[in-house]
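**Student:** For reference, this is my_file_28.csv, and it has CSV, C-alpha atoms.
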```csv
chain,number,residue,atom,x,y,z
A,1,MET,CA,0.0,0.0,0.0
A,2,GLU,CA,1.4,3.4,-1.0
A,3,ALA,CA,1.5,6.3,1.4
A,4,MET,CA,-0.9,9.1,0.8
A,5,GLU,CA,0.4,12.0,-1.4
A,6,SER,CA,-0.6,14.7,1.0
A,7,PRO,CA,-1.7,14.8,4.7
A,8,ARG,CA,-5.4,15.1,5.5
A,9,SER,CA,-4.7,16.8,8.7
A,10,PRO,CA,-1.9,17.9,11.1
A,11,GLU,CA,-2.3,14.5,12.7
A,12,ALA,CA,-1.7,12.7,9.4
A,13,GLU,CA,1.5,14.7,8.9
A,14,LEU,CA,2.9,12.8,11.9
A,15,GLY,CA,2.0,9.7,10.1
A,16,HIS,CA,4.1,10.9,7.1
A,17,ARG,CA,7.0,11.5,9.4
A,18,VAL,CA,6.9,8.0,10.8
A,19,GLU,CA,6.6,6.6,7.3
A,20,ASP,CA,9.7,8.5,6.2
A,21,LEU,CA,11.7,7.4,9.2
A,22,TRP,CA,10.5,3.8,8.8
A,23,ASP,CA,12.3,3.5,5.4
A,24,VAL,CA,15.7,4.5,6.9
A,25,GLN,CA,15.7,2.1,9.9
A,26,GLU,CA,18.1,-0.7,10.2
A,27,PRO,CA,16.8,-3.7,8.3
A,28,GLN,CA,17.5,-6.1,11.2
A,29,LEU,CA,15.1,-4.4,13.5
A,30,THR,CA,11.7,-5.9,14.2
A,31,PRO,CA,8.6,-3.9,13.3
A,32,SER,CA,8.1,-3.1,17.0
A,33,GLU,CA,11.7,-1.9,17.3
A,34,LYS,CA,11.4,0.2,14.1
A,35,LEU,CA,8.3,1.9,15.5
A,36,ASN,CA,10.0,2.7,18.8
A,37,SER,CA,13.0,4.1,16.9
A,38,CYS,CA,10.7,6.3,14.7
A,39,PHE,CA,8.9,7.7,17.7
A,40,GLU,CA,12.2,8.4,19.4
A,41,ASN,CA,13.3,10.5,16.5
A,42,ILE,CA,10.2,12.8,16.5
A,43,PRO,CA,10.3,15.6,19.1
A,44,SER,CA,7.3,16.2,21.3
A,45,GLU,CA,7.3,19.8,19.9
A,46,ALA,CA,6.3,18.4,16.5
A,47,ALA,CA,3.8,16.1,18.2
A,48,ALA,CA,2.2,18.9,20.1
A,49,SER,CA,1.7,20.9,16.9
A,50,GLY,CA,0.4,17.8,15.1
A,51,VAL,CA,-1.9,16.5,17.8
A,52,THR,CA,-4.2,19.5,17.8
A,53,ASN,CA,-7.0,20.3,20.2
A,54,GLY,CA,-5.4,18.0,22.8
A,55,VAL,CA,-8.5,18.2,25.0
A,56,GLY,CA,-11.2,16.5,23.0
A,57,PRO,CA,-15.0,16.2,23.6
A,58,GLN,CA,-14.5,13.0,25.7
A,59,ASP,CA,-11.9,14.8,27.9
A,60,SER,CA,-14.0,17.7,29.0
A,61,GLU,CA,-17.0,17.9,31.3
A,62,GLU,CA,-19.3,20.8,31.3
A,63,ALA,CA,-21.9,20.4,34.0
A,64,SER,CA,-24.6,22.9,34.7
A,65,MET,CA,-24.1,24.2,38.2
A,66,GLY,CA,-27.7,24.0,39.3
A,67,GLY,CA,-29.6,22.4,42.3
A,68,SER,CA,-29.4,22.7,46.0
A,69,PHE,CA,-26.1,20.9,46.3
A,70,PHE,CA,-24.1,23.7,44.7
A,71,GLU,CA,-26.0,26.3,46.7
A,72,ASN,CA,-25.1,24.5,49.9
A,73,LEU,CA,-21.5,23.9,48.8
A,74,THR,CA,-20.8,27.6,47.9
A,75,ALA,CA,-22.4,28.7,51.2
A,76,SER,CA,-20.2,26.4,53.3
A,77,ASP,CA,-17.2,27.4,55.3
A,78,PHE,CA,-15.2,24.6,53.7
A,79,TYR,CA,-15.8,26.2,50.2
A,80,LYS,CA,-15.0,29.7,51.4
A,81,ASN,CA,-11.9,28.8,53.4
A,82,THR,CA,-10.2,26.2,51.2
A,83,LYS,CA,-7.2,27.5,49.2
A,84,VAL,CA,-5.4,26.0,46.2
A,85,GLN,CA,-2.3,25.2,48.3
A,86,ASP,CA,-4.5,23.1,50.6
A,87,ILE,CA,-5.3,20.6,47.9
A,88,SER,CA,-2.3,20.8,45.6
A,89,GLY,CA,-0.5,18.1,47.6
A,90,SER,CA,-3.2,15.6,46.6
A,91,PHE,CA,-1.9,15.5,43.0
A,92,ARG,CA,0.4,12.7,42.1
A,93,TRP,CA,2.8,15.1,40.4
A,94,ALA,CA,2.1,18.2,42.5
A,95,PRO,CA,0.2,19.2,40.5
A,96,PHE,CA,1.3,17.6,37.1
A,97,LEU,CA,4.1,16.1,35.2
A,98,ALA,CA,5.0,18.3,32.2
A,99,LEU,CA,6.4,17.2,28.9
A,100,GLN,CA,9.2,19.4,27.6
A,101,THR,CA,9.3,20.4,23.9
A,102,SER,CA,12.8,18.7,23.8
A,103,ASP,CA,11.3,15.3,24.9
A,104,THR,CA,10.5,12.8,22.2
A,105,PHE,CA,7.2,11.3,20.9
A,106,LEU,CA,8.3,8.0,22.5
A,107,THR,CA,8.6,9.6,25.9
A,108,MET,CA,5.1,11.1,25.5
A,109,LEU,CA,3.6,7.7,24.5
A,110,LEU,CA,5.2,5.9,27.4
A,111,LEU,CA,4.0,8.5,29.9
A,112,LEU,CA,0.4,8.2,28.6
A,113,SER,CA,0.5,4.4,28.6
A,114,LYS,CA,2.9,2.6,31.0
A,115,TYR,CA,3.0,5.4,33.5
A,116,ARG,CA,-0.7,6.0,33.5
A,117,MET,CA,-0.8,9.8,32.7
A,118,LYS,CA,-4.2,10.8,31.2
A,119,SER,CA,-2.9,14.1,29.9
A,120,LEU,CA,0.4,15.9,29.5
A,121,PRO,CA,1.0,19.7,29.4
A,122,VAL,CA,3.7,20.6,26.9
A,123,VAL,CA,6.1,23.3,28.1
A,124,ASP,CA,9.2,25.0,26.8
A,125,LEU,CA,12.0,24.6,29.3
A,126,GLY,CA,12.4,28.0,31.0
A,127,GLY,CA,9.2,29.3,29.5
A,128,ASP,CA,6.2,30.6,31.4
A,129,LYS,CA,3.3,29.1,29.5
A,130,ILE,CA,1.8,25.8,28.5
A,131,ASP,CA,2.1,25.3,24.7
A,132,ASN,CA,-0.5,22.5,24.5
A,133,VAL,CA,-2.1,19.6,26.4
A,134,ILE,CA,-1.8,16.2,24.9
A,135,THR,CA,-4.3,13.5,26.0
A,136,GLN,CA,-4.7,9.8,25.5
A,137,SER,CA,-7.7,10.4,23.3
A,138,ALA,CA,-5.8,12.9,21.2
A,139,VAL,CA,-3.1,10.3,20.5
A,140,VAL,CA,-5.8,7.7,19.5
A,141,HIS,CA,-7.3,10.4,17.2
A,142,MET,CA,-3.8,10.8,15.6
A,143,LEU,CA,-3.6,7.1,15.0
A,144,ALA,CA,-7.0,7.1,13.4
A,145,GLU,CA,-5.8,9.8,11.0
A,146,CYS,CA,-2.8,7.5,10.1
A,147,VAL,CA,-5.0,4.9,8.4
A,148,GLY,CA,-3.5,4.1,5.0
A,149,PHE,CA,0.1,4.4,6.0
A,150,ASP,CA,2.1,1.2,5.6
A,151,TRP,CA,3.5,1.3,9.1
A,152,PHE,CA,0.0,1.7,10.6
A,153,GLU,CA,-1.6,-0.9,8.4
A,154,ARG,CA,1.1,-3.5,9.4
A,155,TRP,CA,0.3,-2.9,13.0
A,156,GLY,CA,-3.4,-2.2,12.7
A,157,LYS,CA,-4.3,-5.4,10.9
A,158,LYS,CA,-3.4,-7.5,14.0
A,159,GLN,CA,-6.3,-8.9,16.0
A,160,LEU,CA,-6.7,-8.0,19.6
A,161,SER,CA,-5.8,-11.5,20.7
A,162,GLU,CA,-2.5,-11.3,18.8
A,163,VAL,CA,-1.3,-8.3,20.8
A,164,GLY,CA,-2.5,-9.5,24.2
A,165,LEU,CA,-5.7,-7.6,24.5
A,166,PRO,CA,-7.7,-7.3,26.5
A,167,ILE,CA,-5.1,-7.2,29.3
A,168,MET,CA,-6.6,-9.4,32.0
A,169,ARG,CA,-5.1,-8.2,35.3
A,170,PRO,CA,-5.5,-10.5,38.4
A,171,SER,CA,-7.4,-7.8,40.2
A,172,GLN,CA,-10.0,-7.9,37.3
A,173,LEU,CA,-10.6,-11.6,37.4
A,174,VAL,CA,-12.5,-14.2,39.4
A,175,LYS,CA,-12.6,-18.0,38.9
A,176,ASP,CA,-15.8,-19.1,37.1
A,177,GLN,CA,-16.9,-22.0,39.3
A,178,LYS,CA,-19.6,-23.2,36.8
A,179,LEU,CA,-17.1,-23.5,33.9
A,180,ASN,CA,-14.4,-25.0,36.2
A,181,GLY,CA,-16.7,-27.9,37.0
A,182,ALA,CA,-17.9,-28.4,33.4
A,183,ARG,CA,-14.5,-28.3,31.7
A,184,GLY,CA,-12.2,-29.5,34.4
A,185,ILE,CA,-9.9,-26.5,33.9
A,186,GLU,CA,-9.4,-23.2,35.5
A,187,THR,CA,-11.3,-20.4,33.7
A,188,TYR,CA,-11.9,-16.9,34.7
A,189,ALA,CA,-14.6,-14.2,34.3
A,190,PHE,CA,-14.3,-10.4,34.3
A,191,ARG,CA,-15.5,-9.2,37.7
A,192,ILE,CA,-15.1,-5.4,37.9
A,193,THR,CA,-18.7,-4.7,37.3
A,194,VAL,CA,-21.8,-3.4,39.0
A,195,MET,CA,-25.2,-5.1,38.8
A,196,GLU,CA,-28.0,-3.0,37.6
A,197,ASP,CA,-29.9,-3.3,40.8
A,198,GLU,CA,-27.0,-2.3,43.0
A,199,PRO,CA,-26.6,1.3,44.3
A,200,VAL,CA,-24.7,3.5,41.8
A,201,LEU,CA,-22.6,4.8,44.8
A,202,GLN,CA,-21.2,1.3,44.9
A,203,ALA,CA,-19.9,1.7,41.3
A,204,PHE,CA,-18.1,5.0,42.1
A,205,GLN,CA,-16.6,3.5,45.3
A,206,LEU,CA,-15.3,0.5,43.3
A,207,MET,CA,-13.8,2.8,40.7
A,208,ARG,CA,-12.0,4.8,43.4
A,209,LYS,CA,-10.8,1.6,45.2
A,210,LYS,CA,-9.5,0.0,42.0
A,211,ARG,CA,-8.3,3.3,40.5
A,212,ILE,CA,-10.1,2.7,37.3
A,213,GLY,CA,-12.0,5.2,35.1
A,214,GLY,CA,-15.1,3.3,34.4
A,215,LEU,CA,-17.0,0.0,34.6
A,216,PRO,CA,-19.9,-1.8,33.0
A,217,VAL,CA,-23.4,-2.1,34.4
A,218,VAL,CA,-24.6,-5.7,34.1
A,219,GLY,CA,-28.2,-6.9,33.9
A,220,ASN,CA,-29.7,-9.9,35.5
A,221,ASP,CA,-29.0,-11.9,32.4
A,222,GLY,CA,-25.3,-11.3,32.7
A,223,LYS,CA,-25.1,-9.0,29.7
A,224,ALA,CA,-23.7,-5.4,29.9
A,225,VAL,CA,-26.5,-2.8,29.7
A,226,GLY,CA,-24.4,0.4,30.1
A,227,ASN,CA,-21.2,2.0,31.1
A,228,ILE,CA,-20.5,4.3,34.0
A,229,SER,CA,-17.4,6.6,34.0
A,230,ILE,CA,-15.8,8.1,37.1
A,231,ARG,CA,-16.6,11.5,35.6
A,232,ASP,CA,-20.3,10.7,35.6
A,233,VAL,CA,-20.3,11.3,39.3
A,234,HIS,CA,-21.1,15.0,38.6
A,235,PHE,CA,-24.6,13.9,37.6
A,236,LEU,CA,-25.2,12.9,41.2
A,237,LEU,CA,-24.8,16.6,42.0
A,238,THR,CA,-26.2,18.4,39.0
A,239,ALA,CA,-29.2,16.5,37.9
A,240,PRO,CA,-32.1,17.2,40.3
A,241,GLU,CA,-33.9,13.9,39.9
A,242,ILE,CA,-30.7,12.0,40.7
A,243,TYR,CA,-29.4,14.3,43.5
A,244,LYS,CA,-32.4,13.9,45.7
A,245,ASP,CA,-32.0,10.1,45.7
A,246,TYR,CA,-28.2,9.9,45.2
A,247,ARG,CA,-27.7,7.6,48.2
A,248,SER,CA,-30.1,4.9,47.1
A,249,ILE,CA,-30.5,5.2,43.3
A,250,THR,CA,-29.6,2.0,41.5
A,251,ALA,CA,-27.1,1.8,38.6
A,252,LYS,CA,-29.9,1.0,36.2
A,253,ASN,CA,-32.1,4.0,37.3
A,254,PHE,CA,-29.0,6.2,37.3
A,255,LEU,CA,-28.4,5.4,33.6
A,256,THR,CA,-32.0,6.0,32.8
A,257,GLU,CA,-32.1,9.4,34.6
A,258,VAL,CA,-28.8,10.6,33.1
A,259,ARG,CA,-30.0,9.8,29.6
A,260,ARG,CA,-33.2,11.6,30.2
A,261,TYR,CA,-31.4,14.6,31.6
A,262,LEU,CA,-29.0,14.7,28.6
A,263,GLU,CA,-31.9,14.5,26.2
A,264,ASP,CA,-33.9,17.2,28.0
A,265,HIS,CA,-30.9,19.5,27.9
A,266,HIS,CA,-29.9,18.5,24.3
A,267,GLU,CA,-26.4,17.5,25.4
A,268,ALA,CA,-24.2,15.1,23.4
A,269,SER,CA,-22.6,12.4,25.5
A,270,PRO,CA,-21.2,8.9,25.2
A,271,MET,CA,-23.8,8.0,27.9
A,272,LEU,CA,-26.5,8.1,25.2
A,273,LEU,CA,-24.7,5.4,23.2
A,274,GLY,CA,-25.2,2.6,25.6
A,275,VAL,CA,-22.5,0.0,26.1
A,276,ILE,CA,-20.0,-0.3,23.2
A,277,THR,CA,-18.6,-3.8,22.6
A,278,CYS,CA,-16.1,-5.7,20.4
A,279,LYS,CA,-14.8,-9.2,19.9
A,280,ARG,CA,-11.4,-10.7,20.4
A,281,ASP,CA,-11.0,-11.2,16.7
A,282,ASP,CA,-11.5,-7.5,15.9
A,283,THR,CA,-8.4,-5.7,14.7
A,284,ILE,CA,-6.5,-2.9,16.4
A,285,LYS,CA,-7.4,-0.6,13.5
A,286,GLU,CA,-11.1,-1.3,13.9
A,287,ILE,CA,-11.0,-0.6,17.6
A,288,ILE,CA,-9.0,2.7,17.1
A,289,LEU,CA,-11.6,3.9,14.6
A,290,ARG,CA,-14.4,3.0,16.9
A,291,LEU,CA,-12.9,4.7,19.9
A,292,ASP,CA,-12.2,7.8,17.9
A,293,SER,CA,-15.5,8.1,16.1
A,294,GLU,CA,-17.6,7.4,19.2
A,295,LYS,CA,-15.5,9.7,21.4
A,296,ILE,CA,-15.3,7.1,24.2
A,297,GLN,CA,-12.6,6.1,26.6
A,298,ARG,CA,-13.1,2.3,26.7
A,299,ILE,CA,-14.7,-0.5,24.8
A,300,TYR,CA,-15.8,-3.8,26.3
A,301,VAL,CA,-14.8,-7.2,24.9
A,302,VAL,CA,-17.6,-9.8,24.8
A,303,ASP,CA,-17.8,-13.4,23.6
A,304,GLY,CA,-20.2,-14.9,21.0
A,305,GLU,CA,-23.0,-14.9,23.6
A,306,GLY,CA,-22.5,-11.3,24.7
A,307,ASN,CA,-20.8,-12.2,28.0
A,308,LEU,CA,-18.1,-9.8,29.2
A,309,GLU,CA,-14.5,-11.0,28.7
A,310,GLY,CA,-12.6,-7.7,29.4
A,311,VAL,CA,-12.2,-4.1,28.7
A,312,ILE,CA,-9.9,-2.2,26.3
A,313,THR,CA,-9.0,1.4,27.2
A,314,LEU,CA,-7.2,4.2,25.3
A,315,ARG,CA,-4.1,3.5,27.5
A,316,ASP,CA,-4.2,-0.2,26.5
A,317,ILE,CA,-4.1,0.7,22.8
A,318,ILE,CA,-1.1,3.1,23.2
A,319,SER,CA,0.7,0.5,25.4
A,320,ARG,CA,0.6,-1.9,22.5
A,321,LEU,CA,2.2,0.6,20.1
A,322,VAL,CA,5.5,1.1,21.9
A,323,HIS,CA,7.6,-0.5,24.6
A,324,GLU,CA,10.1,1.0,27.0
A,325,PRO,CA,13.8,0.4,26.2
A,326,HIS,CA,15.7,-0.9,29.2
A,327,GLY,CA,16.7,2.0,31.5
A,328,TYR,CA,15.0,4.6,29.3
A,329,PHE,CA,13.9,6.8,32.3
A,330,GLY,CA,16.8,5.8,34.5
A,331,ASP,CA,15.7,6.0,38.2
A,332,PHE,CA,13.3,8.9,37.7
A,333,PHE,CA,10.2,6.8,38.6
A,334,ASP,CA,11.8,4.6,41.2
A,335,GLY,CA,9.6,4.6,44.3
A,336,VAL,CA,7.2,7.0,42.8
A,337,VAL,CA,4.8,4.9,40.8
A,338,PRO,CA,4.6,1.1,40.9
A,339,LEU,CA,5.7,-0.7,37.7
A,340,PRO,CA,2.8,-2.2,35.8
A,341,GLU,CA,2.3,-6.0,36.1
A,342,ASN,CA,3.0,-6.4,32.4
A,343,SER,CA,6.1,-4.3,32.5
A,344,ARG,CA,9.0,-5.4,30.2
A,345,VAL,CA,11.7,-4.0,32.5
```
Let me see the structure of the file written as structure tokens.
**Tutor:**
Amino acid sequence: MEAMESPRSPEAELGHRVEDLWDVQEPQLTPSEKLNSCFENIPSEAAASGVTNGVGPQDSEEASMGGSFFENLTASDFYKNTKVQDISGSFRWAPFLALQTSDTFLTMLLLLSKYRMKSLPVVDLGGDKIDNVITQSAVVHMLAECVGFDWFERWGKKQLSEVGLPIMRPSQLVKDQKLNGARGIETYAFRITVMEDEPVLQAFQLMRKKRIGGLPVVGNDGKAVGNISIRDVHFLLTAPEIYKDYRSITAKNFLTEVRRYLEDHHEASPMLLGVITCKRDDTIKEIILRLDSEKIQRIYVVDGEGNLEGVITLRDIISRLVHEPHGYFGDFFDGVVPLPENSRV
């Protein structure tokens, strides 16, 4: 397949740069090593100008500040007396980890995947302003714009199962006793879910405990009926019909009320899409295009009967694009963040 003659967008221009660099890589390198080398030779300054509008629709939350909750909050002594310095220490990177324009695209991809950053402000060393903010969703959008380039097609045609997706972490699995007895082997089921008749507060508590951004709502038939994101917690405070029953409202009723609220206010939101699913034999390319077009953070993997098998996030996609060379960050992260279970180093 021949590369496109001209870029369709600034993001596609990055695809051109990778394509050009690919052709001059050492022939003995594996495709994965070639990609790493290409990204290492693209400065983040070029990435920041290419990945435009770093904060996309799925990264922002605009909530209407109505209802008695906000009236009570703004009238409280806690609200009046709390200063920025009082809460700045609660950030992991006090308050963020910035990407310098001299850093590389590979550094950016590793920080957004292996080191779990959801967004990275780009700054010029010694400057006094943020040039851009690059998010996981902006990178996935860039990848979607690279469809048609040889390097992307080689990687994108792989099925999820070929690249180890979904990543099934021990904390996400539970032994399936029914299948164990029937097959005589150990099989596992995806367990980080909330049942539709359980309180929605339980979902948010589980997300906080597990440090995850969202989870599926499962019906009595075992099938996913919706998705709740950690950012959806604001509906507990801003939607009157939900706020008055926020302690007892079930996950199912929460989804119903949020969708009604969004429709009444003519607001676009992934919440209106229901649960988005895929299969293990879908390709990386198909998943990227789906995540980008639907403006969603995660997609759930189901089997032929619609049973949940796992989840794929934006971070998972980026993590399968690059790997960290041994000693790449030196001892910078030692003792600061735990290495992922699937770390190569």
**Student:** For Phe39 (chain A), list every protein, DNA or RNA residue within 6 Å, evaluated using only C-alpha atoms, and leave out those in the same chain fewer than 3 positions away; present the list as a list of chain:residue names.
**Tutor:** A:Asn36, A:Ile42, A:Phe105, A:Leu106
**Student:** Can I get the selected residues back with C-alpha atoms, as a PDB file, keeping the file's coordinate frame?
**Tutor:**
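Written out: again_7.pdb:
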```
ATOM      1  CA  ASN A  36      10.000   2.700  18.800  1.00  0.00           C
ATOM      2  CA  ILE A  42      10.200  12.800  16.500  1.00  0.00           C
ATOM      3  CA  PHE A 105       7.200  11.300  20.900  1.00  0.00           C
ATOM      4  CA  LEU A 106       8.300   8.000  22.500  1.00  0.00           C
TER       5      LEU A 106
END
```
**Student:** Write out as a Markdown table the residues of region 198-230 of chain A that have any atom within 10 Å of an atom of region 309-325 of chain A, one row each with the nearest atom pair and its distance in Å to one decimal, counting all atoms listed in the file, sorted by chain and then rising number.
**Tutor:**
```
| residue | atom | partner | partner_atom | distance |
| --- | --- | --- | --- | --- |
| A:Gly213 | CA | A:Thr313 | CA | 9.3 |
| A:Gly214 | CA | A:Thr313 | CA | 9.6 |
| A:Leu215 | CA | A:Val311 | CA | 8.6 |
| A:Pro216 | CA | A:Val311 | CA | 9.1 |
```
**Student:** Just want the 9 Å neighbourhood of Val233 (chain A), counted on all atoms listed in the file, with same-chain residues fewer than 4 positions away dropped. Output as number ranges by chain.
**Tutor:** A: 201, 204, 228-229, 237
**Student:** If you count only C-alpha atoms, which residues fall within 12 Å of Gly226 (chain A), apart from same-chain ones fewer than 6 positions away, as a PDB file with C-alpha atoms, in the coordinates of the input?
**Tutor:**
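Below is the file selection_12.pdb, written as the result:
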```pdb
ATOM      1  CA  THR A 193     -18.700  -4.700  37.300  1.00  0.00           C
ATOM      2  CA  VAL A 194     -21.800  -3.400  39.000  1.00  0.00           C
ATOM      3  CA  MET A 195     -25.200  -5.100  38.800  1.00  0.00           C
ATOM      4  CA  GLU A 196     -28.000  -3.000  37.600  1.00  0.00           C
ATOM      5  CA  GLY A 214     -15.100   3.300  34.400  1.00  0.00           C
ATOM      6  CA  LEU A 215     -17.000   0.000  34.600  1.00  0.00           C
ATOM      7  CA  PRO A 216     -19.900  -1.800  33.000  1.00  0.00           C
ATOM      8  CA  VAL A 217     -23.400  -2.100  34.400  1.00  0.00           C
ATOM      9  CA  VAL A 218     -24.600  -5.700  34.100  1.00  0.00           C
ATOM     10  CA  GLY A 219     -28.200  -6.900  33.900  1.00  0.00           C
ATOM     11  CA  ALA A 251     -27.100   1.800  38.600  1.00  0.00           C
ATOM     12  CA  LYS A 252     -29.900   1.000  36.200  1.00  0.00           C
ATOM     13  CA  ASN A 253     -32.100   4.000  37.300  1.00  0.00           C
ATOM     14  CA  PHE A 254     -29.000   6.200  37.300  1.00  0.00           C
ATOM     15  CA  LEU A 255     -28.400   5.400  33.600  1.00  0.00           C
ATOM     16  CA  THR A 256     -32.000   6.000  32.800  1.00  0.00           C
ATOM     17  CA  VAL A 258     -28.800  10.600  33.100  1.00  0.00           C
ATOM     18  CA  ARG A 259     -30.000   9.800  29.600  1.00  0.00           C
ATOM     19  CA  PRO A 270     -21.200   8.900  25.200  1.00  0.00           C
ATOM     20  CA  MET A 271     -23.800   8.000  27.900  1.00  0.00           C
ATOM     21  CA  LEU A 272     -26.500   8.100  25.200  1.00  0.00           C
ATOM     22  CA  LEU A 273     -24.700   5.400  23.200  1.00  0.00           C
ATOM     23  CA  GLY A 274     -25.200   2.600  25.600  1.00  0.00           C
ATOM     24  CA  VAL A 275     -22.500   0.000  26.100  1.00  0.00           C
ATOM     25  CA  ILE A 276     -20.000  -0.300  23.200  1.00  0.00           C
ATOM     26  CA  THR A 277     -18.600  -3.800  22.600  1.00  0.00           C
ATOM     27  CA  ARG A 298     -13.100   2.300  26.700  1.00  0.00           C
ATOM     28  CA  ILE A 299     -14.700  -0.500  24.800  1.00  0.00           C
ATOM     29  CA  TYR A 300     -15.800  -3.800  26.300  1.00  0.00           C
TER      30      TYR A 300
END
```
**Student:** Work out how far CA of Pro31 (chain A) is from CA of Asp150 (chain A), in Å to one decimal.
**Tutor:**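 Atom-to-atom, CA of Asp150 (chain A) to CA of Pro31 (chain A), that is 11.3 Å.
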**Student:** For Ile134 (chain A), which residue out of A:Asp232, A:Glu263, A:Glu305, A:Glu45 is the nearest one, using only C-alpha atoms?
**Tutor:**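 Under the stated criterion, the closest residue is A:Glu45.
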**Student:** Could you give me region 111-117 of chain A completed to all heavy atoms, formatted as an mmCIF file, keeping the file's coordinate frame?
**Tutor:**
```cif
data_model
loop_
_atom_site.group_PDB
_atom_site.id
_atom_site.type_symbol
_atom_site.label_atom_id
_atom_site.label_comp_id
_atom_site.auth_asym_id
_atom_site.auth_seq_id
_atom_site.Cartn_x
_atom_site.Cartn_y
_atom_site.Cartn_z
ATOM 1 N N LEU A 111 4.624 7.809 28.766
ATOM 2 C CA LEU A 111 4.000 8.500 29.900
ATOM 3 C C LEU A 111 2.476 8.298 29.884
ATOM 4 O O LEU A 111 1.832 8.137 30.922
ATOM 5 C CB LEU A 111 4.365 9.937 29.952
ATOM 6 C CG LEU A 111 5.833 10.257 30.278
ATOM 7 C CD1 LEU A 111 6.084 11.762 30.169
ATOM 8 C CD2 LEU A 111 6.199 9.760 31.674
ATOM 9 N N LEU A 112 1.906 8.324 28.686
ATOM 10 C CA LEU A 112 0.400 8.200 28.600
ATOM 11 C C LEU A 112 -0.038 6.761 28.660
ATOM 12 O O LEU A 112 -1.233 6.528 28.825
ATOM 13 C CB LEU A 112 -0.007 8.780 27.206
ATOM 14 C CG LEU A 112 0.081 10.299 27.051
ATOM 15 C CD1 LEU A 112 -0.209 10.707 25.614
ATOM 16 C CD2 LEU A 112 -0.886 10.994 28.008
ATOM 17 N N SER A 113 0.877 5.814 28.588
ATOM 18 C CA SER A 113 0.500 4.400 28.600
ATOM 19 C C SER A 113 1.008 3.713 29.878
ATOM 20 O O SER A 113 0.314 3.562 30.878
ATOM 21 C CB SER A 113 0.882 3.674 27.365
ATOM 22 O OG SER A 113 2.282 3.776 27.155
ATOM 23 N N LYS A 114 2.272 3.352 29.848
ATOM 24 C CA LYS A 114 2.900 2.600 31.000
ATOM 25 C C LYS A 114 2.790 3.346 32.271
ATOM 26 O O LYS A 114 2.553 2.755 33.326
ATOM 27 C CB LYS A 114 4.302 2.245 30.626
ATOM 28 C CG LYS A 114 5.011 1.468 31.731
ATOM 29 C CD LYS A 114 6.408 1.074 31.318
ATOM 30 C CE LYS A 114 7.094 0.335 32.466
ATOM 31 N NZ LYS A 114 8.469 -0.099 32.100
ATOM 32 N N TYR A 115 2.991 4.674 32.229
ATOM 33 C CA TYR A 115 3.000 5.400 33.500
ATOM 34 C C TYR A 115 1.722 6.163 33.776
ATOM 35 O O TYR A 115 1.675 7.069 34.601
ATOM 36 C CB TYR A 115 4.229 6.399 33.439
ATOM 37 C CG TYR A 115 5.522 5.618 33.517
ATOM 38 C CD1 TYR A 115 6.226 5.313 32.354
ATOM 39 C CD2 TYR A 115 5.993 5.122 34.723
ATOM 40 C CE1 TYR A 115 7.394 4.549 32.414
ATOM 41 C CE2 TYR A 115 7.153 4.363 34.792
ATOM 42 C CZ TYR A 115 7.848 4.079 33.637
ATOM 43 O OH TYR A 115 8.990 3.318 33.707
ATOM 44 N N ARG A 116 0.663 5.762 33.066
ATOM 45 C CA ARG A 116 -0.700 6.000 33.500
ATOM 46 C C ARG A 116 -1.106 7.518 33.496
ATOM 47 O O ARG A 116 -2.041 7.899 34.195
ATOM 48 C CB ARG A 116 -1.024 5.386 34.804
ATOM 49 C CG ARG A 116 -0.667 3.919 34.883
ATOM 50 C CD ARG A 116 -0.946 3.344 36.255
ATOM 51 N NE ARG A 116 -2.373 3.254 36.486
ATOM 52 C CZ ARG A 116 -3.121 2.201 36.161
ATOM 53 N NH1 ARG A 116 -2.579 1.158 35.567
ATOM 54 N NH2 ARG A 116 -4.414 2.197 36.408
ATOM 55 N N MET A 117 -0.412 8.367 32.764
ATOM 56 C CA MET A 117 -0.800 9.800 32.700
ATOM 57 C C MET A 117 -2.000 9.872 31.700
ATOM 58 O O MET A 117 -1.947 9.311 30.612
ATOM 59 C CB MET A 117 0.315 10.644 32.182
ATOM 60 C CG MET A 117 1.593 10.507 32.953
ATOM 61 S SD MET A 117 1.401 11.021 34.669
ATOM 62 C CE MET A 117 2.867 10.296 35.392
#
```
